[in-house]
file model.txt (compact mmCIF, C-alpha atoms and all ligand atoms)
# COMPACT_ATOMS: atom_id res chain seq x y z
CA MET A 1 -23.52 -10.94 29.95
CA THR A 2 -20.11 -9.23 30.24
CA VAL A 3 -19.53 -6.27 27.91
CA ASP A 4 -16.26 -6.66 26.00
CA THR A 5 -13.63 -3.93 25.67
CA TYR A 6 -12.11 -3.69 22.20
CA LEU A 7 -8.67 -2.66 21.03
CA PHE A 8 -10.26 0.11 18.97
CA ASP A 9 -13.86 1.29 18.69
CA ASN A 10 -14.03 2.85 15.24
CA GLU A 11 -16.60 0.64 13.48
CA ALA A 12 -15.91 2.52 10.24
CA LEU A 13 -12.60 0.66 10.09
CA ILE A 14 -14.30 -2.72 9.67
CA SER A 15 -14.93 -3.42 5.99
CA PRO A 16 -18.66 -3.99 5.41
CA GLN A 17 -17.79 -6.04 2.29
CA VAL A 18 -15.61 -8.39 4.32
CA GLN A 19 -18.24 -8.70 7.06
CA ALA A 20 -20.83 -9.59 4.40
CA SER A 21 -18.56 -12.15 2.68
CA LEU A 22 -17.86 -14.28 5.75
CA PRO A 23 -19.56 -17.66 6.08
CA GLN A 24 -22.82 -17.51 8.05
CA GLY A 25 -22.25 -17.54 11.80
CA TYR A 26 -18.83 -15.84 11.61
CA SER A 27 -17.96 -12.19 12.19
CA ILE A 28 -14.86 -10.03 12.11
CA ARG A 29 -14.12 -7.40 14.76
CA PRO A 30 -11.28 -5.76 16.72
CA LEU A 31 -9.48 -7.94 19.26
CA GLY A 32 -11.40 -7.87 22.57
CA ALA A 33 -10.17 -8.01 26.17
CA GLN A 34 -11.97 -11.34 26.63
CA ASP A 35 -10.48 -13.04 23.59
CA TYR A 36 -7.83 -14.66 25.77
CA ASP A 37 -10.67 -16.96 26.90
CA ARG A 38 -11.85 -17.44 23.32
CA GLY A 39 -8.56 -19.01 22.26
CA HIS A 40 -6.70 -16.03 20.73
CA LEU A 41 -3.28 -17.44 21.66
CA GLN A 42 -4.15 -20.95 20.50
CA VAL A 43 -4.86 -19.57 17.02
CA LEU A 44 -1.61 -17.57 17.03
CA GLY A 45 0.10 -20.83 18.00
CA VAL A 46 -0.72 -22.13 14.50
CA LEU A 47 1.83 -19.57 13.25
CA THR A 48 4.65 -19.79 15.78
CA ASP A 49 5.66 -20.38 19.40
CA VAL A 50 3.61 -17.93 21.50
CA GLY A 51 5.42 -18.56 24.79
CA HIS A 52 3.78 -19.10 28.18
CA HIS A 53 1.47 -16.25 29.09
CA THR A 54 -0.47 -15.82 32.27
CA HIS A 55 -3.84 -14.19 31.69
CA GLN A 56 -2.32 -11.01 33.16
CA ASP A 57 0.63 -11.12 30.71
CA TRP A 58 -1.87 -11.22 27.86
CA LEU A 59 -3.95 -8.37 29.31
CA ASN A 60 -0.82 -6.24 29.81
CA GLN A 61 -0.04 -6.55 26.09
CA PHE A 62 -3.67 -5.91 25.12
CA TYR A 63 -3.83 -2.67 27.14
CA TYR A 64 -0.39 -1.54 25.90
CA MET A 65 -1.73 -1.82 22.34
CA LYS A 66 -5.08 -0.26 23.24
CA LYS A 67 -3.26 2.85 24.51
CA ARG A 68 -1.65 3.07 21.06
CA ASN A 69 -4.74 2.24 19.05
CA ASP A 70 -3.83 4.54 16.18
CA THR A 71 -0.92 2.14 15.56
CA TYR A 72 -2.05 -1.40 16.43
CA PHE A 73 -5.09 -2.77 14.60
CA SER A 74 -5.58 -6.41 15.56
CA LEU A 75 -8.64 -8.21 14.23
CA VAL A 76 -10.22 -11.54 15.02
CA ILE A 77 -12.77 -13.67 13.18
CA VAL A 78 -15.10 -15.37 15.65
CA ASP A 79 -17.23 -18.47 15.10
CA HIS A 80 -20.40 -17.67 17.05
CA ALA A 81 -21.56 -21.28 17.36
CA SER A 82 -18.51 -22.15 19.45
CA ASP A 83 -17.77 -18.57 20.66
CA ARG A 84 -14.12 -19.17 19.66
CA VAL A 85 -11.57 -17.05 17.83
CA VAL A 86 -10.80 -18.85 14.56
CA ALA A 87 -8.58 -16.34 12.72
CA VAL A 88 -6.28 -13.50 13.77
CA GLY A 89 -4.27 -10.74 12.10
CA THR A 90 -2.73 -7.35 12.79
CA LEU A 91 -2.03 -4.20 10.82
CA LEU A 92 0.69 -2.01 12.32
CA VAL A 93 0.60 1.56 10.99
CA GLU A 94 4.06 3.12 10.75
CA ARG A 95 4.40 6.91 10.43
CA LYS A 96 7.25 8.14 8.25
CA PHE A 97 8.84 11.43 7.20
CA VAL A 98 9.20 10.24 3.61
CA HIS A 99 6.30 10.54 1.20
CA CYS A 100 5.40 13.76 2.99
CA ASN A 101 4.76 12.26 6.44
CA GLY A 102 3.41 9.12 4.78
CA LYS A 103 2.08 6.00 6.50
CA VAL A 104 2.95 2.39 5.74
CA GLY A 105 0.81 -0.53 6.91
CA HIS A 106 2.60 -3.70 8.03
CA ILE A 107 0.58 -6.92 8.07
CA GLU A 108 1.71 -9.17 10.92
CA ASP A 109 0.77 -12.42 12.64
CA ILE A 110 -1.84 -13.90 10.34
CA ALA A 111 -3.18 -17.28 11.42
CA VAL A 112 -6.28 -19.37 10.86
CA SER A 113 -7.16 -22.23 13.20
CA GLY A 114 -6.11 -25.56 11.64
CA ASP A 115 -9.67 -26.95 11.42
CA GLN A 116 -10.95 -23.72 9.80
CA GLN A 117 -8.42 -23.33 7.00
CA GLY A 118 -9.63 -23.35 3.40
CA LYS A 119 -12.85 -21.37 4.10
CA LYS A 120 -11.39 -18.07 2.83
CA LEU A 121 -11.03 -16.76 6.38
CA GLY A 122 -7.35 -15.93 5.74
CA LEU A 123 -8.28 -14.06 2.57
CA ARG A 124 -11.04 -12.13 4.38
CA MET A 125 -8.64 -11.24 7.22
CA ILE A 126 -6.13 -9.81 4.73
CA GLU A 127 -8.85 -7.87 2.89
CA ALA A 128 -10.03 -6.42 6.22
CA LEU A 129 -6.49 -5.32 7.13
CA GLN A 130 -5.94 -3.82 3.66
CA TYR A 131 -9.17 -1.87 4.19
CA ILE A 132 -7.92 -0.50 7.53
CA GLY A 133 -4.66 0.51 5.84
CA ALA A 134 -6.54 2.35 3.10
CA GLN A 135 -8.90 4.02 5.61
CA ASN A 136 -5.86 5.18 7.60
CA GLY A 137 -4.26 6.74 4.52
CA CYS A 138 -1.40 4.24 4.15
CA TYR A 139 0.27 4.57 0.75
CA LYS A 140 1.22 0.87 0.79
CA VAL A 141 0.68 -2.26 2.87
CA ILE A 142 3.56 -4.74 3.09
CA LEU A 143 4.39 -8.03 4.79
CA ASP A 144 7.04 -10.72 5.14
CA CYS A 145 6.10 -14.37 4.66
CA ALA A 146 7.49 -17.84 4.06
CA LEU A 147 7.95 -18.84 0.41
CA LYS A 148 5.19 -21.45 0.76
CA ASN A 149 2.68 -18.66 1.52
CA VAL A 150 3.55 -16.54 -1.54
CA PRO A 151 0.69 -18.05 -3.62
CA PHE A 152 -1.79 -17.22 -0.83
CA TYR A 153 -0.68 -13.58 -0.67
CA GLU A 154 -0.73 -13.32 -4.47
CA LYS A 155 -4.40 -14.35 -4.29
CA CYS A 156 -4.84 -11.47 -1.81
CA GLY A 157 -3.45 -9.00 -4.39
CA PHE A 158 0.18 -8.76 -3.21
CA THR A 159 3.18 -8.92 -5.53
CA GLN A 160 6.71 -9.95 -4.64
CA LYS A 161 9.12 -7.00 -4.12
CA GLU A 162 12.73 -6.76 -2.94
CA MET A 163 14.13 -9.10 -0.29
CA GLN A 164 13.64 -9.54 3.47
CA MET A 165 16.75 -9.36 5.72
CA ALA A 166 16.75 -10.46 9.36
CA TRP A 167 19.08 -10.07 12.34
CA TYR A 168 18.35 -12.04 15.50
CA VAL A 169 19.63 -10.98 18.94
N1 LIG B 201 -0.40 -22.08 -1.03
C1 LIG B 201 -1.17 -21.87 -2.14
N2 LIG B 201 -2.43 -21.37 -2.08
C2 LIG B 201 -2.93 -21.13 -0.87
C3 LIG B 201 -2.22 -21.35 0.33
C4 LIG B 201 -0.89 -21.85 0.21
N3 LIG B 201 -0.10 -22.05 1.27
N4 LIG B 201 -3.00 -21.04 1.38
C5 LIG B 201 -4.17 -20.61 0.85
N5 LIG B 201 -4.13 -20.67 -0.49
C6 LIG B 201 -5.17 -20.27 -1.44
C7 LIG B 201 -6.47 -21.03 -1.26
O1 LIG B 201 -6.46 -22.25 -1.98
C8 LIG B 201 -7.49 -20.03 -1.80
O2 LIG B 201 -7.44 -20.08 -3.20
P1 LIG B 201 -8.78 -20.00 -4.12
O3 LIG B 201 -9.32 -18.61 -3.90
O4 LIG B 201 -8.30 -20.23 -5.50
O5 LIG B 201 -9.72 -21.04 -3.60
C9 LIG B 201 -6.90 -18.69 -1.36
O6 LIG B 201 -5.51 -18.90 -1.19
C10 LIG B 201 -7.51 -18.17 -0.06
O7 LIG B 201 -7.29 -19.16 0.93
P2 LIG B 201 -8.00 -19.13 2.36
O8 LIG B 201 -9.07 -20.16 2.44
O9 LIG B 201 -8.38 -17.73 2.69
O10 LIG B 201 -6.78 -19.57 3.27
P3 LIG B 201 -6.81 -19.91 4.82
O11 LIG B 201 -8.05 -19.41 5.47
O12 LIG B 201 -6.53 -21.36 4.99
O13 LIG B 201 -5.59 -19.04 5.37
C11 LIG B 201 -3.23 -19.06 5.90
C12 LIG B 201 -4.31 -19.12 4.78
C13 LIG B 201 -3.41 -17.78 6.70
C14 LIG B 201 -1.86 -19.07 5.23
C15 LIG B 201 -3.45 -20.31 6.80
O14 LIG B 201 -3.21 -21.47 6.06
C16 LIG B 201 -2.58 -20.33 8.05
O15 LIG B 201 -3.00 -19.86 9.11
N6 LIG B 201 -1.36 -20.92 7.93
C17 LIG B 201 -0.46 -21.09 9.10
C18 LIG B 201 0.06 -19.78 9.64
C19 LIG B 201 0.73 -18.95 8.55
O16 LIG B 201 1.58 -19.41 7.80
N7 LIG B 201 0.34 -17.65 8.50
C20 LIG B 201 0.88 -16.67 7.56
C21 LIG B 201 2.13 -16.06 8.13
S1 LIG B 201 2.76 -14.67 7.20
C22 LIG B 201 2.29 -13.31 8.08
O17 LIG B 201 1.79 -13.40 9.17
C23 LIG B 201 2.48 -11.94 7.48
call {"tool": "encode", "arguments": {"input": "model.txt", "output": "structure tokens", "more": "lines below"}}
Ligand code: ACO
result
Amino acid sequence: MTVDTYLFDNEALISPQVQASLPQGYSIRPLGAQDYDRGHLQVLGVLTDVGHHTHQDWLNQFYYMKKRNDTYFSLVIVDHASDRVVAVGTLLVERKFVHCNGKVGHIEDIAVSGDQQGKKLGLRMIEALQYIGAQNGCYKVILDCALKNVPFYEKCGFTQKEMQMAWYV
């Protein structure tokens, strides 16, 4: 059996409550170097266009993030029966001068495989990322989402604030 390499190794960052609340046969853990083969990009494809990666393109990004693993915290939920990734999400920890060198967590790229939606995997992913933010000392965790997803994030404890602006190159 091949031993996987993970984006980060600090097990204390994985919420035991979330792990215990997942349906039987599922677990949550940091993104692993072999998750390309477990369908990581296919799950992200539920969210948006992921582009055309070679396996090496994917590994290059994985190892870039692993070198900065006090900043990028990507998690996956795996269904052990199929050995497939079924949900993905990332917390990006931004360091600031304001709030006395404060940290802000940004939730990014949340997706649950189409045939696995409605099992609270999205909710558990968000709870797990909120936990990582709290463990890292973030004073807030924020995200941008489509209007149709506002009710989902409200169920995860978020409230609507301000307005998102975008500029595309
Ligand atoms: N509108 C209203 N309520 C919703 C929605 C929605 N769009 N989605 C989920 N909910 C509710 C559920 O009914 C459930 O409510 P309950 O506790 O009363 O039963 C609760 O929210 C939790 O739902 P989950 O089962 O955890 O949701 P799921 O696992 O299906 O994940 C997600 C939700 C992530 C939005 C999923 O549908 C998905 O992957 N969508 C496509 C990709 C996407 O839009 N991702 C979010 C992008 S925003 C970002 O990345 C920051």
call {"tool": "axis_aligned_box", "arguments": {"input": "model.txt", "around": "ligand LIG 201 (chain B)", "padding_each_side": "4 Å", "output": "AutoDock Vina command-line options"}}
result
--center_x -3.5 --center_y -17.1 --center_z 2.1 --size_x 20.5 --size_y 18.3 --size_z 23.1
call {"tool": "residues_around", "arguments": {"input": "model.txt", "residues": "Lys66 of chain A", "least_positions_apart": "4", "cutoff": "12 Å", "atoms": "all atoms listed in the file", "output": "PyMOL selection string"}}
result
chain A and resi 5-9+30-33+59-62+70-74
call {"tool": "atom_distance", "arguments": {"input": "model.txt", "atom1": "atom CA of Leu75 of chain A", "atom2": "atom O10 of ligand LIG 201 (chain B)"}}
result
15.9 Å
call {"tool": "residues_near_ligand", "arguments": {"input": "model.txt", "ligand": "ligand LIG 201 (chain B)", "cutoff": "9 Å", "atoms": "all atoms listed in the file", "output": "NGL selection string"}}
result
:A and (43-48 or 87-90 or 106-114 or 116-126 or 142-156)
call {"tool": "write_last_selection", "arguments": {"input": "model.txt", "atoms": "C-alpha atoms", "output": "mmCIF file, in the frame of the given file"}}
result
data_model
loop_
_atom_site.group_PDB
_atom_site.id
_atom_site.type_symbol
_atom_site.label_atom_id
_atom_site.label_comp_id
_atom_site.auth_asym_id
_atom_site.auth_seq_id
_atom_site.Cartn_x
_atom_site.Cartn_y
_atom_site.Cartn_z
ATOM 1 C CA VAL A 43 -4.860 -19.570 17.020
ATOM 2 C CA LEU A 44 -1.610 -17.570 17.030
ATOM 3 C CA GLY A 45 0.100 -20.830 18.000
ATOM 4 C CA VAL A 46 -0.720 -22.130 14.500
ATOM 5 C CA LEU A 47 1.830 -19.570 13.250
ATOM 6 C CA THR A 48 4.650 -19.790 15.780
ATOM 7 C CA ALA A 87 -8.580 -16.340 12.720
ATOM 8 C CA VAL A 88 -6.280 -13.500 13.770
ATOM 9 C CA GLY A 89 -4.270 -10.740 12.100
ATOM 10 C CA THR A 90 -2.730 -7.350 12.790
ATOM 11 C CA HIS A 106 2.600 -3.700 8.030
ATOM 12 C CA ILE A 107 0.580 -6.920 8.070
ATOM 13 C CA GLU A 108 1.710 -9.170 10.920
ATOM 14 C CA ASP A 109 0.770 -12.420 12.640
ATOM 15 C CA ILE A 110 -1.840 -13.900 10.340
ATOM 16 C CA ALA A 111 -3.180 -17.280 11.420
ATOM 17 C CA VAL A 112 -6.280 -19.370 10.860
ATOM 18 C CA SER A 113 -7.160 -22.230 13.200
ATOM 19 C CA GLY A 114 -6.110 -25.560 11.640
ATOM 20 C CA GLN A 116 -10.950 -23.720 9.800
ATOM 21 C CA GLN A 117 -8.420 -23.330 7.000
ATOM 22 C CA GLY A 118 -9.630 -23.350 3.400
ATOM 23 C CA LYS A 119 -12.850 -21.370 4.100
ATOM 24 C CA LYS A 120 -11.390 -18.070 2.830
ATOM 25 C CA LEU A 121 -11.030 -16.760 6.380
ATOM 26 C CA GLY A 122 -7.350 -15.930 5.740
ATOM 27 C CA LEU A 123 -8.280 -14.060 2.570
ATOM 28 C CA ARG A 124 -11.040 -12.130 4.380
ATOM 29 C CA MET A 125 -8.640 -11.240 7.220
ATOM 30 C CA ILE A 126 -6.130 -9.810 4.730
ATOM 31 C CA ILE A 142 3.560 -4.740 3.090
ATOM 32 C CA LEU A 143 4.390 -8.030 4.790
ATOM 33 C CA ASP A 144 7.040 -10.720 5.140
ATOM 34 C CA CYS A 145 6.100 -14.370 4.660
ATOM 35 C CA ALA A 146 7.490 -17.840 4.060
ATOM 36 C CA LEU A 147 7.950 -18.840 0.410
ATOM 37 C CA LYS A 148 5.190 -21.450 0.760
ATOM 38 C CA ASN A 149 2.680 -18.660 1.520
ATOM 39 C CA VAL A 150 3.550 -16.540 -1.540
ATOM 40 C CA PRO A 151 0.690 -18.050 -3.620
ATOM 41 C CA PHE A 152 -1.790 -17.220 -0.830
ATOM 42 C CA TYR A 153 -0.680 -13.580 -0.670
ATOM 43 C CA GLU A 154 -0.730 -13.320 -4.470
ATOM 44 C CA LYS A 155 -4.400 -14.350 -4.290
ATOM 45 C CA CYS A 156 -4.840 -11.470 -1.810
#
call {"tool": "closest_residue", "arguments": {"input": "model.txt", "among": "A:Tyr26, A:Glu127, A:Asn136, A:Val76", "to": "Val104 of chain A", "atoms": "all atoms listed in the file"}}
result
A:Asn136
call {"tool": "closest_residue", "arguments": {"input": "model.txt", "among": "A:Val93, A:Leu22, A:Met65, A:Val50", "to": "Gln135 of chain A", "atoms": "all atoms listed in the file"}}
result
A:Val93
call {"tool": "closest_residue", "arguments": {"input": "model.txt", "among": "A:Ser27, A:Tyr168, A:Lys103, A:Leu13", "to": "Ala81 of chain A", "atoms": "only C-alpha atoms"}}
result
A:Ser27
call {"tool": "atom_distance", "arguments": {"input": "model.txt", "atom1": "atom CA of Val85 of chain A", "atom2": "atom CA of Asp35 of chain A"}}
result
7.1 Å
call {"tool": "residues_around", "arguments": {"input": "model.txt", "residues": "segment 96-102 of chain A", "least_positions_apart": "2", "cutoff": "9 Å", "atoms": "all atoms listed in the file", "output": "list in words"}}
result
Glu94, Val104, Gly137, Cys138 and Tyr139 of chain A
call {"tool": "atom_distance", "arguments": {"input": "model.txt", "atom1": "atom CA of Leu129 of chain A", "atom2": "atom CA of Asp4 of chain A"}}
result
21.3 Å
call {"tool": "residues_near_point", "arguments": {"input": "model.txt", "point": "(-15.1, -5.9, 3.7)", "cutoff": "9 Å", "atoms": "all atoms listed in the file", "output": "PyMOL selection string"}}
result
chain A and resi 14-21+124+127-128+131
call {"tool": "closest_residue", "arguments": {"input": "model.txt", "among": "A:Gly25, A:Arg95, A:Asp57, A:His52", "to": "Val78 of chain A", "atoms": "all atoms listed in the file"}}
result
A:Gly25
call {"tool": "closest_residue", "arguments": {"input": "model.txt", "among": "A:Asp37, A:Val3, A:Arg68, A:Val86", "to": "Thr54 of chain A", "atoms": "only C-alpha atoms"}}
result
A:Asp37
